[in-house]
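Q: My questions will all concern the structure given below.
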Amino acid sequence: MRERLTDALYGLGWGAVKKLPEPVATGLGRRIADTVWKRRGKSVLRLESNLARVVPDAGPARLAELSRAGMRSYMRYWMESFRLPAWSADRIRAGFVPDGLHHLTDGLAAGKGVILALPHMGNYDLAGAWVTTKLGVPFTTVAERLKPETLYDRFVAYRQGLGMEVLPHTGGSAFGTLARRLRDGGLVCLVADRDLSASGVEVRFFGEATRIPAGPALLAQQTGALLLPVTLWYDGSPVMRGRVHPPVDVPASGTRTEKTSVMAQALADAFAAGIAEHPEDWHMLQRLWLADLEPRQEPA
């Protein structure tokens with residue numbers, strides 16, 4: 001019953017919110033965000049706990065301010081995502097302004113394939129729609145299998161409608177397909193700031209240990225594709241901004257494991273730089289650092 005209700009609510013969002021005038025949808029998202037924030041539920045408290053690592057000198061008042069702004073940013077993401085299928089091509093092209101775009105265009109022109117790796121910042125669906133609409137470049141991404149299956153199907157259909165090829169994270173050969181797309185000179189986009197599986201690579205992130213996916217680094221090593229970190233943020237206007245960071249190079253020496261570790265750390269450092277500049281637009285409402293996941297040893 002809960003899964004069916006969740007699916008119905010997302011369906012309502014895509015069916016109803018996209019029909020609202022933009023100012024109405026914006027105001028509705030802000031009211032929902034403020035209501036959720038005032039209730040101080042687990043997600044809000046977890047967001048504040050995560051932000052405390054990002055802004056270690058922030059007191060309780062500053063963290064509360066950041067978490068409120070963070071919830072508004074998060075709801076803006078959802079309101080925009082529900083409305084994106086109804087946006088015109090001109091609206092999509094005008095909705096995103098990236099810096100450092102030459103890293104992407106030069107990489108694609110070289111024909112070796114490009115991997116864009118992003119944290120949970122801003123609205124990566126809008127950035128993806130901008131790439132397919134403004135640049136005319138299709139790309140492949142991976143989506144987590146959700147329950148119920150009908151909800152997963154909704155997300156796949158939504159992103160395919162924006163011009164993306166979507167592969168399931170599990171239950172298929174996603175890595176092999178991504179490698180083929182890159183060897184053909186294509187573009188792959190992956191969200192890569194959280195991986196709590198056994199295959200994740202341990203990195204230092206804001207001074208503490210966590211794990212991020214190994215996939216971007218492994219794909220770059222295996223295919224010769226360019227690996228580019230990307231960070232996104234809102235600047236208060238209807239426009240979202242972003243930065244394509246310089247490439248993460250494959251080390252000249254070392255084992256595959258050693259190379260992957262070095263590249264993953266470089267990726268984490270680029271993410272941290274962007275998140276530190278715009279912490280309110282990092283939508284991390286889950287446990288992330290290993291210290292929050294593993295039981296701590298009590299002193300003797």
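If you're wondering about the labels, chains in the structure tokens are A, B, ... by order shown, residues count from 1 in each chain, ligands from 1 in order shown.
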Might you pull out every residue within 12 Å of Ser88 (chain A), with only C-alpha atoms counted and same-chain residues fewer than 6 positions away left off, and present them as a ChimeraX atom specification?
A: /A:94-95,129-130,133-134,162
Q: Name the residues of region 141-291 of chain A that come out as helix (DSSP H, G or I) in a backbone DSSP run; write them as number ranges by chain.
A: A: 149-161, 174-183, 215-223, 256-277, 279-281, 290-291
Q: Between A:Arg68, A:Val114, A:Leu63, A:Met79, single out the one closest to Ala25 (chain A), counting only C-alpha atoms.
A: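 Checking each of A:Arg68, A:Val114, A:Leu63, A:Met79 against Ala25 (chain A), counting only C-alpha atoms, the winner is A:Met79.
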Q: In Å, rounded to a single decimal, give me how far CA of Leu290 (chain A) is from CA of Asp57 (chain A).
A: 21.1 Å
Q: What's around His103 (chain A) at 12 Å? Count only C-alpha atoms, leave out sequence neighbours fewer than 3 positions away in its own chain, and write the answer as a list in words.
A: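 Selected residues are Pro98, Asp99, Gly100, Asp106, Gly107, Leu108, Ala109, Ala110, Gly113, Val114, Ile115, Leu116, Leu226, Leu227, Leu228, Pro229, Val230, Arg243, Val244, His245, Pro246, Pro247 and Val248 of chain A.
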Q: Can I get the selected residues back with all heavy atoms, as a compact mmCIF listing (two decimals), in the first residue's frame?
A:
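Wrote it out as again-v4.txt, contents follow:
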```txt
# COMPACT_ATOMS: atom_id res chain seq x y z
N PRO A 98 26.52 27.19 -17.55
CA PRO A 98 27.71 26.53 -16.98
C PRO A 98 29.00 27.28 -17.29
O PRO A 98 29.15 27.89 -18.35
CB PRO A 98 27.70 25.17 -17.70
CG PRO A 98 27.10 25.48 -19.04
CD PRO A 98 26.15 26.64 -18.86
N ASP A 99 29.94 27.22 -16.35
CA ASP A 99 31.30 27.70 -16.57
C ASP A 99 32.18 26.49 -16.91
O ASP A 99 31.88 25.36 -16.51
CB ASP A 99 31.85 28.38 -15.31
CG ASP A 99 31.03 29.60 -14.91
OD1 ASP A 99 30.55 30.31 -15.82
OD2 ASP A 99 30.88 29.84 -13.70
N GLY A 100 33.27 26.74 -17.59
CA GLY A 100 34.21 25.66 -17.91
C GLY A 100 33.68 24.68 -18.94
O GLY A 100 34.15 23.53 -19.01
N ASP A 106 35.59 20.26 -25.73
CA ASP A 106 36.89 19.82 -26.26
C ASP A 106 37.04 18.31 -26.14
O ASP A 106 37.57 17.65 -27.03
CB ASP A 106 38.03 20.51 -25.52
CG ASP A 106 38.12 22.00 -25.82
OD1 ASP A 106 37.40 22.47 -26.73
OD2 ASP A 106 38.89 22.70 -25.14
N GLY A 107 36.57 17.76 -24.99
CA GLY A 107 36.65 16.32 -24.81
C GLY A 107 35.83 15.56 -25.83
O GLY A 107 36.28 14.54 -26.37
N LEU A 108 34.63 16.03 -26.10
CA LEU A 108 33.78 15.38 -27.09
C LEU A 108 34.38 15.50 -28.49
O LEU A 108 34.33 14.55 -29.28
CB LEU A 108 32.38 15.99 -27.07
CG LEU A 108 31.53 15.69 -25.83
CD1 LEU A 108 30.24 16.50 -25.85
CD2 LEU A 108 31.22 14.20 -25.72
N ALA A 109 34.98 16.67 -28.79
CA ALA A 109 35.58 16.87 -30.10
C ALA A 109 36.76 15.93 -30.33
O ALA A 109 37.05 15.54 -31.47
CB ALA A 109 36.02 18.32 -30.26
N ALA A 110 37.43 15.56 -29.23
CA ALA A 110 38.57 14.65 -29.34
C ALA A 110 38.14 13.23 -29.69
O ALA A 110 38.96 12.42 -30.12
CB ALA A 110 39.38 14.64 -28.05
N GLY A 113 35.36 10.05 -25.83
CA GLY A 113 34.33 9.84 -24.83
C GLY A 113 34.58 10.71 -23.61
O GLY A 113 35.72 11.05 -23.29
N VAL A 114 33.49 11.09 -22.92
CA VAL A 114 33.58 11.94 -21.74
C VAL A 114 32.66 11.38 -20.66
O VAL A 114 31.51 11.00 -20.94
CB VAL A 114 33.17 13.39 -22.05
CG1 VAL A 114 33.16 14.24 -20.78
CG2 VAL A 114 34.13 14.01 -23.08
N ILE A 115 33.15 11.36 -19.42
CA ILE A 115 32.36 10.99 -18.24
C ILE A 115 32.16 12.25 -17.41
O ILE A 115 33.13 12.87 -16.97
CB ILE A 115 33.07 9.93 -17.39
CG1 ILE A 115 33.47 8.73 -18.23
CG2 ILE A 115 32.19 9.51 -16.21
CD1 ILE A 115 34.60 7.92 -17.64
N LEU A 116 30.91 12.64 -17.18
CA LEU A 116 30.61 13.72 -16.25
C LEU A 116 30.16 13.10 -14.94
O LEU A 116 29.23 12.30 -14.91
CB LEU A 116 29.48 14.62 -16.80
CG LEU A 116 29.77 15.38 -18.10
CD1 LEU A 116 28.57 16.23 -18.48
CD2 LEU A 116 31.02 16.24 -17.97
N LEU A 226 37.61 10.92 -20.95
CA LEU A 226 37.92 12.04 -20.07
C LEU A 226 36.95 12.03 -18.89
O LEU A 226 35.74 11.89 -19.08
CB LEU A 226 37.76 13.34 -20.86
CG LEU A 226 38.45 14.61 -20.35
CD1 LEU A 226 39.96 14.44 -20.37
CD2 LEU A 226 38.03 15.80 -21.20
N LEU A 227 37.47 12.19 -17.68
CA LEU A 227 36.64 12.23 -16.47
C LEU A 227 36.57 13.66 -15.96
O LEU A 227 37.60 14.24 -15.56
CB LEU A 227 37.20 11.30 -15.40
CG LEU A 227 36.50 11.33 -14.03
CD1 LEU A 227 35.01 11.04 -14.17
CD2 LEU A 227 37.16 10.33 -13.08
N LEU A 228 35.37 14.23 -15.96
CA LEU A 228 35.19 15.64 -15.58
C LEU A 228 34.22 15.74 -14.41
O LEU A 228 33.05 15.35 -14.52
CB LEU A 228 34.61 16.44 -16.76
CG LEU A 228 35.45 16.50 -18.03
CD1 LEU A 228 34.67 17.22 -19.13
CD2 LEU A 228 36.77 17.20 -17.76
N PRO A 229 34.64 16.29 -13.26
CA PRO A 229 33.69 16.59 -12.18
C PRO A 229 32.84 17.80 -12.57
O PRO A 229 33.31 18.72 -13.25
CB PRO A 229 34.60 16.93 -10.99
CG PRO A 229 35.99 16.55 -11.41
CD PRO A 229 36.03 16.60 -12.89
N VAL A 230 31.59 17.79 -12.12
CA VAL A 230 30.67 18.90 -12.36
C VAL A 230 29.95 19.22 -11.06
O VAL A 230 29.51 18.31 -10.35
CB VAL A 230 29.63 18.55 -13.45
CG1 VAL A 230 28.64 19.70 -13.64
CG2 VAL A 230 30.32 18.23 -14.77
N ARG A 243 29.53 24.35 -12.90
CA ARG A 243 30.94 24.43 -13.27
C ARG A 243 31.42 23.05 -13.71
O ARG A 243 31.23 22.06 -12.98
CB ARG A 243 31.78 24.91 -12.10
CG ARG A 243 33.30 24.96 -12.41
CD ARG A 243 34.11 25.52 -11.22
NE ARG A 243 33.70 26.89 -10.93
CZ ARG A 243 33.14 27.28 -9.78
NH1 ARG A 243 32.93 26.38 -8.81
NH2 ARG A 243 32.81 28.52 -9.58
N VAL A 244 32.02 23.01 -14.89
CA VAL A 244 32.72 21.81 -15.34
C VAL A 244 34.17 21.96 -14.92
O VAL A 244 34.88 22.85 -15.40
CB VAL A 244 32.61 21.63 -16.87
CG1 VAL A 244 33.30 20.32 -17.28
CG2 VAL A 244 31.15 21.63 -17.32
N HIS A 245 34.60 21.14 -13.97
CA HIS A 245 35.94 21.26 -13.42
C HIS A 245 36.98 20.64 -14.37
O HIS A 245 36.63 19.85 -15.25
CB HIS A 245 36.01 20.56 -12.06
CG HIS A 245 35.13 21.19 -11.02
ND1 HIS A 245 35.63 21.94 -9.97
CD2 HIS A 245 33.77 21.19 -10.86
CE1 HIS A 245 34.62 22.37 -9.22
NE2 HIS A 245 33.49 21.93 -9.72
N PRO A 246 38.24 20.98 -14.21
CA PRO A 246 39.29 20.35 -15.04
C PRO A 246 39.29 18.84 -14.91
O PRO A 246 38.81 18.28 -13.90
CB PRO A 246 40.57 20.97 -14.48
CG PRO A 246 40.15 22.26 -13.88
CD PRO A 246 38.78 22.02 -13.32
N PRO A 247 39.84 18.15 -15.89
CA PRO A 247 39.81 16.67 -15.90
C PRO A 247 40.55 16.05 -14.72
O PRO A 247 41.53 16.59 -14.21
CB PRO A 247 40.50 16.31 -17.21
CG PRO A 247 40.46 17.53 -18.05
CD PRO A 247 40.47 18.69 -17.11
N VAL A 248 40.04 14.91 -14.29
CA VAL A 248 40.75 14.05 -13.34
C VAL A 248 41.57 13.06 -14.16
O VAL A 248 41.01 12.21 -14.85
CB VAL A 248 39.75 13.30 -12.42
CG1 VAL A 248 40.49 12.28 -11.57
CG2 VAL A 248 38.99 14.29 -11.55
```
Q: With a distance cut-off of 9 Å and only C-alpha atoms, select the neighbouring residues of Met75 (chain A), excluding the residue or stretch itself and same-chain residues fewer than 2 positions from it, and output the selection as a list in words.
A: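 Listing them by chain and then by number gives Thr26, Gly29, Arg30, Ile32, Ala33, Gly70, Met71, Arg72, Ser73, Tyr77, Trp78, Met79 and Glu80 of chain A.
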Q: Using the selection just defined, write its residues with all heavy atoms as a compact mmCIF listing (two decimals), in the first residue's frame.
A:
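The resulting again.txt:
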```txt
# COMPACT_ATOMS: atom_id res chain seq x y z
N THR A 26 6.59 27.61 -7.86
CA THR A 26 7.71 28.04 -7.02
C THR A 26 7.26 28.32 -5.59
O THR A 26 7.90 27.88 -4.62
CB THR A 26 8.36 29.30 -7.62
OG1 THR A 26 8.84 29.00 -8.94
CG2 THR A 26 9.52 29.78 -6.74
N GLY A 29 6.38 25.01 -3.79
CA GLY A 29 7.57 24.29 -3.37
C GLY A 29 8.18 24.90 -2.12
O GLY A 29 8.61 24.18 -1.21
N ARG A 30 8.20 26.21 -2.06
CA ARG A 30 8.78 26.87 -0.89
C ARG A 30 7.95 26.62 0.36
O ARG A 30 8.50 26.38 1.44
CB ARG A 30 8.91 28.37 -1.16
CG ARG A 30 9.50 29.14 0.00
CD ARG A 30 9.97 30.52 -0.42
NE ARG A 30 11.13 30.45 -1.30
CZ ARG A 30 11.94 31.47 -1.56
NH1 ARG A 30 11.71 32.65 -1.00
NH2 ARG A 30 12.97 31.33 -2.35
N ILE A 32 6.02 24.02 0.97
CA ILE A 32 6.21 22.62 1.37
C ILE A 32 7.55 22.46 2.08
O ILE A 32 7.65 21.82 3.13
CB ILE A 32 6.14 21.69 0.15
CG1 ILE A 32 4.72 21.69 -0.44
CG2 ILE A 32 6.56 20.27 0.52
CD1 ILE A 32 4.60 20.93 -1.75
N ALA A 33 8.60 23.09 1.53
CA ALA A 33 9.93 22.99 2.13
C ALA A 33 9.94 23.57 3.54
O ALA A 33 10.49 22.97 4.47
CB ALA A 33 10.95 23.72 1.26
N GLY A 70 18.54 24.70 2.38
CA GLY A 70 18.74 23.43 1.71
C GLY A 70 17.44 22.74 1.36
O GLY A 70 17.30 22.17 0.27
N MET A 71 16.46 22.78 2.26
CA MET A 71 15.17 22.17 1.96
C MET A 71 14.45 22.93 0.85
O MET A 71 13.78 22.33 -0.01
CB MET A 71 14.31 22.12 3.22
CG MET A 71 14.82 21.17 4.29
SD MET A 71 15.10 19.47 3.69
CE MET A 71 13.42 19.01 3.21
N ARG A 72 14.60 24.24 0.84
CA ARG A 72 14.00 25.02 -0.26
C ARG A 72 14.66 24.68 -1.60
O ARG A 72 13.98 24.56 -2.62
CB ARG A 72 14.14 26.52 0.03
CG ARG A 72 13.21 27.02 1.13
CD ARG A 72 13.34 28.52 1.31
NE ARG A 72 12.31 29.03 2.22
CZ ARG A 72 12.14 30.33 2.48
NH1 ARG A 72 12.93 31.23 1.90
NH2 ARG A 72 11.18 30.71 3.31
N SER A 73 15.98 24.52 -1.57
CA SER A 73 16.69 24.13 -2.78
C SER A 73 16.25 22.74 -3.25
O SER A 73 16.05 22.50 -4.45
CB SER A 73 18.20 24.15 -2.52
OG SER A 73 18.92 23.68 -3.64
N TYR A 77 14.31 21.65 -6.72
CA TYR A 77 14.68 20.56 -7.63
C TYR A 77 13.46 19.75 -8.04
O TYR A 77 13.25 19.46 -9.23
CB TYR A 77 15.73 19.66 -6.97
CG TYR A 77 15.82 18.28 -7.57
CD1 TYR A 77 16.45 18.07 -8.78
CD2 TYR A 77 15.24 17.18 -6.93
CE1 TYR A 77 16.51 16.81 -9.35
CE2 TYR A 77 15.31 15.92 -7.48
CZ TYR A 77 15.93 15.74 -8.69
OH TYR A 77 15.98 14.49 -9.25
N TRP A 78 12.63 19.37 -7.06
CA TRP A 78 11.48 18.54 -7.39
C TRP A 78 10.45 19.30 -8.22
O TRP A 78 9.89 18.75 -9.18
CB TRP A 78 10.84 17.99 -6.11
CG TRP A 78 11.57 16.80 -5.59
CD1 TRP A 78 12.30 16.70 -4.44
CD2 TRP A 78 11.69 15.52 -6.23
NE1 TRP A 78 12.87 15.46 -4.34
CE2 TRP A 78 12.50 14.71 -5.40
CE3 TRP A 78 11.18 14.99 -7.42
CZ2 TRP A 78 12.82 13.39 -5.74
CZ3 TRP A 78 11.50 13.67 -7.75
CH2 TRP A 78 12.30 12.89 -6.92
N MET A 79 10.19 20.55 -7.87
CA MET A 79 9.21 21.32 -8.64
C MET A 79 9.67 21.50 -10.08
O MET A 79 8.88 21.41 -11.01
CB MET A 79 8.96 22.67 -7.97
CG MET A 79 8.19 22.57 -6.67
SD MET A 79 6.51 21.92 -6.97
CE MET A 79 6.02 21.44 -5.32
N GLU A 80 10.95 21.77 -10.26
CA GLU A 80 11.48 21.89 -11.62
C GLU A 80 11.40 20.56 -12.36
O GLU A 80 11.06 20.53 -13.55
CB GLU A 80 12.93 22.36 -11.57
CG GLU A 80 13.11 23.83 -11.24
CD GLU A 80 14.56 24.25 -11.23
OE1 GLU A 80 15.45 23.36 -11.29
OE2 GLU A 80 14.81 25.46 -11.17
```
Q: Give me, as a PyMOL selection string, all polymer residues having an atom no more than 12 Å from Gly236 (chain A), counting only C-alpha atoms and skipping those fewer than 3 positions away in the same chain.
A: chain A and resi 26+69+72-73+76+122+233+239-241+278+280-281
Q: Got a sec: who's within 10 Å of region 186-192 of chain A, counting only C-alpha atoms, leaving out chain neighbours fewer than 5 positions off, as number ranges by chain?
A: A: 104, 107-108, 111-121, 124, 128, 137-143, 164-165, 178-181, 211-216, 219, 225-230, 264, 267-268, 271
Q: With C-alpha atoms retained, write the just-selected residues as a PDB file, in the first residue's frame.
A:
```
ATOM      1  CA  LEU A 104      33.278  19.078 -22.129  1.00  0.00           C
ATOM      2  CA  GLY A 107      36.655  16.322 -24.810  1.00  0.00           C
ATOM      3  CA  LEU A 108      33.784  15.376 -27.092  1.00  0.00           C
ATOM      4  CA  GLY A 111      36.304  11.633 -29.872  1.00  0.00           C
ATOM      5  CA  LYS A 112      37.516   9.608 -26.889  1.00  0.00           C
ATOM      6  CA  GLY A 113      34.333   9.841 -24.828  1.00  0.00           C
ATOM      7  CA  VAL A 114      33.576  11.937 -21.735  1.00  0.00           C
ATOM      8  CA  ILE A 115      32.358  10.991 -18.242  1.00  0.00           C
ATOM      9  CA  LEU A 116      30.607  13.725 -16.252  1.00  0.00           C
ATOM     10  CA  ALA A 117      30.526  12.913 -12.525  1.00  0.00           C
ATOM     11  CA  LEU A 118      28.241  14.951 -10.267  1.00  0.00           C
ATOM     12  CA  PRO A 119      27.270  15.149  -6.593  1.00  0.00           C
ATOM     13  CA  HIS A 120      23.653  15.531  -5.460  1.00  0.00           C
ATOM     14  CA  MET A 121      23.645  19.268  -6.150  1.00  0.00           C
ATOM     15  CA  TYR A 124      21.141  17.415 -12.612  1.00  0.00           C
ATOM     16  CA  GLY A 128      21.099  16.906 -18.570  1.00  0.00           C
ATOM     17  CA  VAL A 137      24.454  15.715 -27.407  1.00  0.00           C
ATOM     18  CA  PRO A 138      22.696  12.546 -26.204  1.00  0.00           C
ATOM     19  CA  PHE A 139      24.118  10.765 -23.188  1.00  0.00           C
ATOM     20  CA  THR A 140      23.754   7.653 -21.074  1.00  0.00           C
ATOM     21  CA  THR A 141      23.142   7.527 -17.352  1.00  0.00           C
ATOM     22  CA  VAL A 142      22.278   5.003 -14.655  1.00  0.00           C
ATOM     23  CA  ALA A 143      19.224   4.970 -12.380  1.00  0.00           C
ATOM     24  CA  MET A 164      18.689  10.476 -21.918  1.00  0.00           C
ATOM     25  CA  GLU A 165      19.461   6.782 -22.261  1.00  0.00           C
ATOM     26  CA  LEU A 178      28.673   2.529 -20.487  1.00  0.00           C
ATOM     27  CA  ALA A 179      32.130   1.404 -21.640  1.00  0.00           C
ATOM     28  CA  ARG A 180      30.836   0.773 -25.165  1.00  0.00           C
ATOM     29  CA  ARG A 181      29.204   4.202 -25.321  1.00  0.00           C
ATOM     30  CA  ARG A 211      32.954   5.964   0.139  1.00  0.00           C
ATOM     31  CA  ILE A 212      32.132   7.048  -3.400  1.00  0.00           C
ATOM     32  CA  PRO A 213      31.507   4.914  -6.504  1.00  0.00           C
ATOM     33  CA  ALA A 214      34.505   3.406  -8.272  1.00  0.00           C
ATOM     34  CA  GLY A 215      32.681   3.385 -11.616  1.00  0.00           C
ATOM     35  CA  PRO A 216      33.760   6.789 -13.014  1.00  0.00           C
ATOM     36  CA  LEU A 219      35.519   3.634 -16.816  1.00  0.00           C
ATOM     37  CA  ALA A 225      37.556   8.630 -21.695  1.00  0.00           C
ATOM     38  CA  LEU A 226      37.920  12.040 -20.070  1.00  0.00           C
ATOM     39  CA  LEU A 227      36.640  12.226 -16.471  1.00  0.00           C
ATOM     40  CA  LEU A 228      35.185  15.636 -15.578  1.00  0.00           C
ATOM     41  CA  PRO A 229      33.693  16.591 -12.185  1.00  0.00           C
ATOM     42  CA  VAL A 230      30.669  18.903 -12.364  1.00  0.00           C
ATOM     43  CA  ALA A 264      38.340   8.904  -6.549  1.00  0.00           C
ATOM     44  CA  LEU A 267      36.865  13.563  -7.656  1.00  0.00           C
ATOM     45  CA  ALA A 268      35.856  13.914  -4.001  1.00  0.00           C
ATOM     46  CA  PHE A 271      32.959  17.867  -5.229  1.00  0.00           C
TER      47      PHE A 271
END
```
Q: Excluding same-chain residues fewer than 4 positions from Val55 (chain A), what lies within 12 Å of it counting only C-alpha atoms, as a list in words?
A: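 Near Val55 (chain A), the qualifying residues are Glu48, Ser49, Asn50, Leu51, Gly59, Pro60, Arg62, Leu63, Ala64, Leu66, Ser67, Phe206, Gly207, Ala272, Ala273, Ile275, Ala276, Glu277, His278, Pro279 and Glu280 of chain A.
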Q: I need the residue nearest Thr132 (chain A) from this list: A:Leu101, A:Leu167, A:Ala89, A:Val201. Use only C-alpha atoms for the distance.
A: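 Using only C-alpha atoms, Thr132 (chain A) sits closest to A:Ala89.
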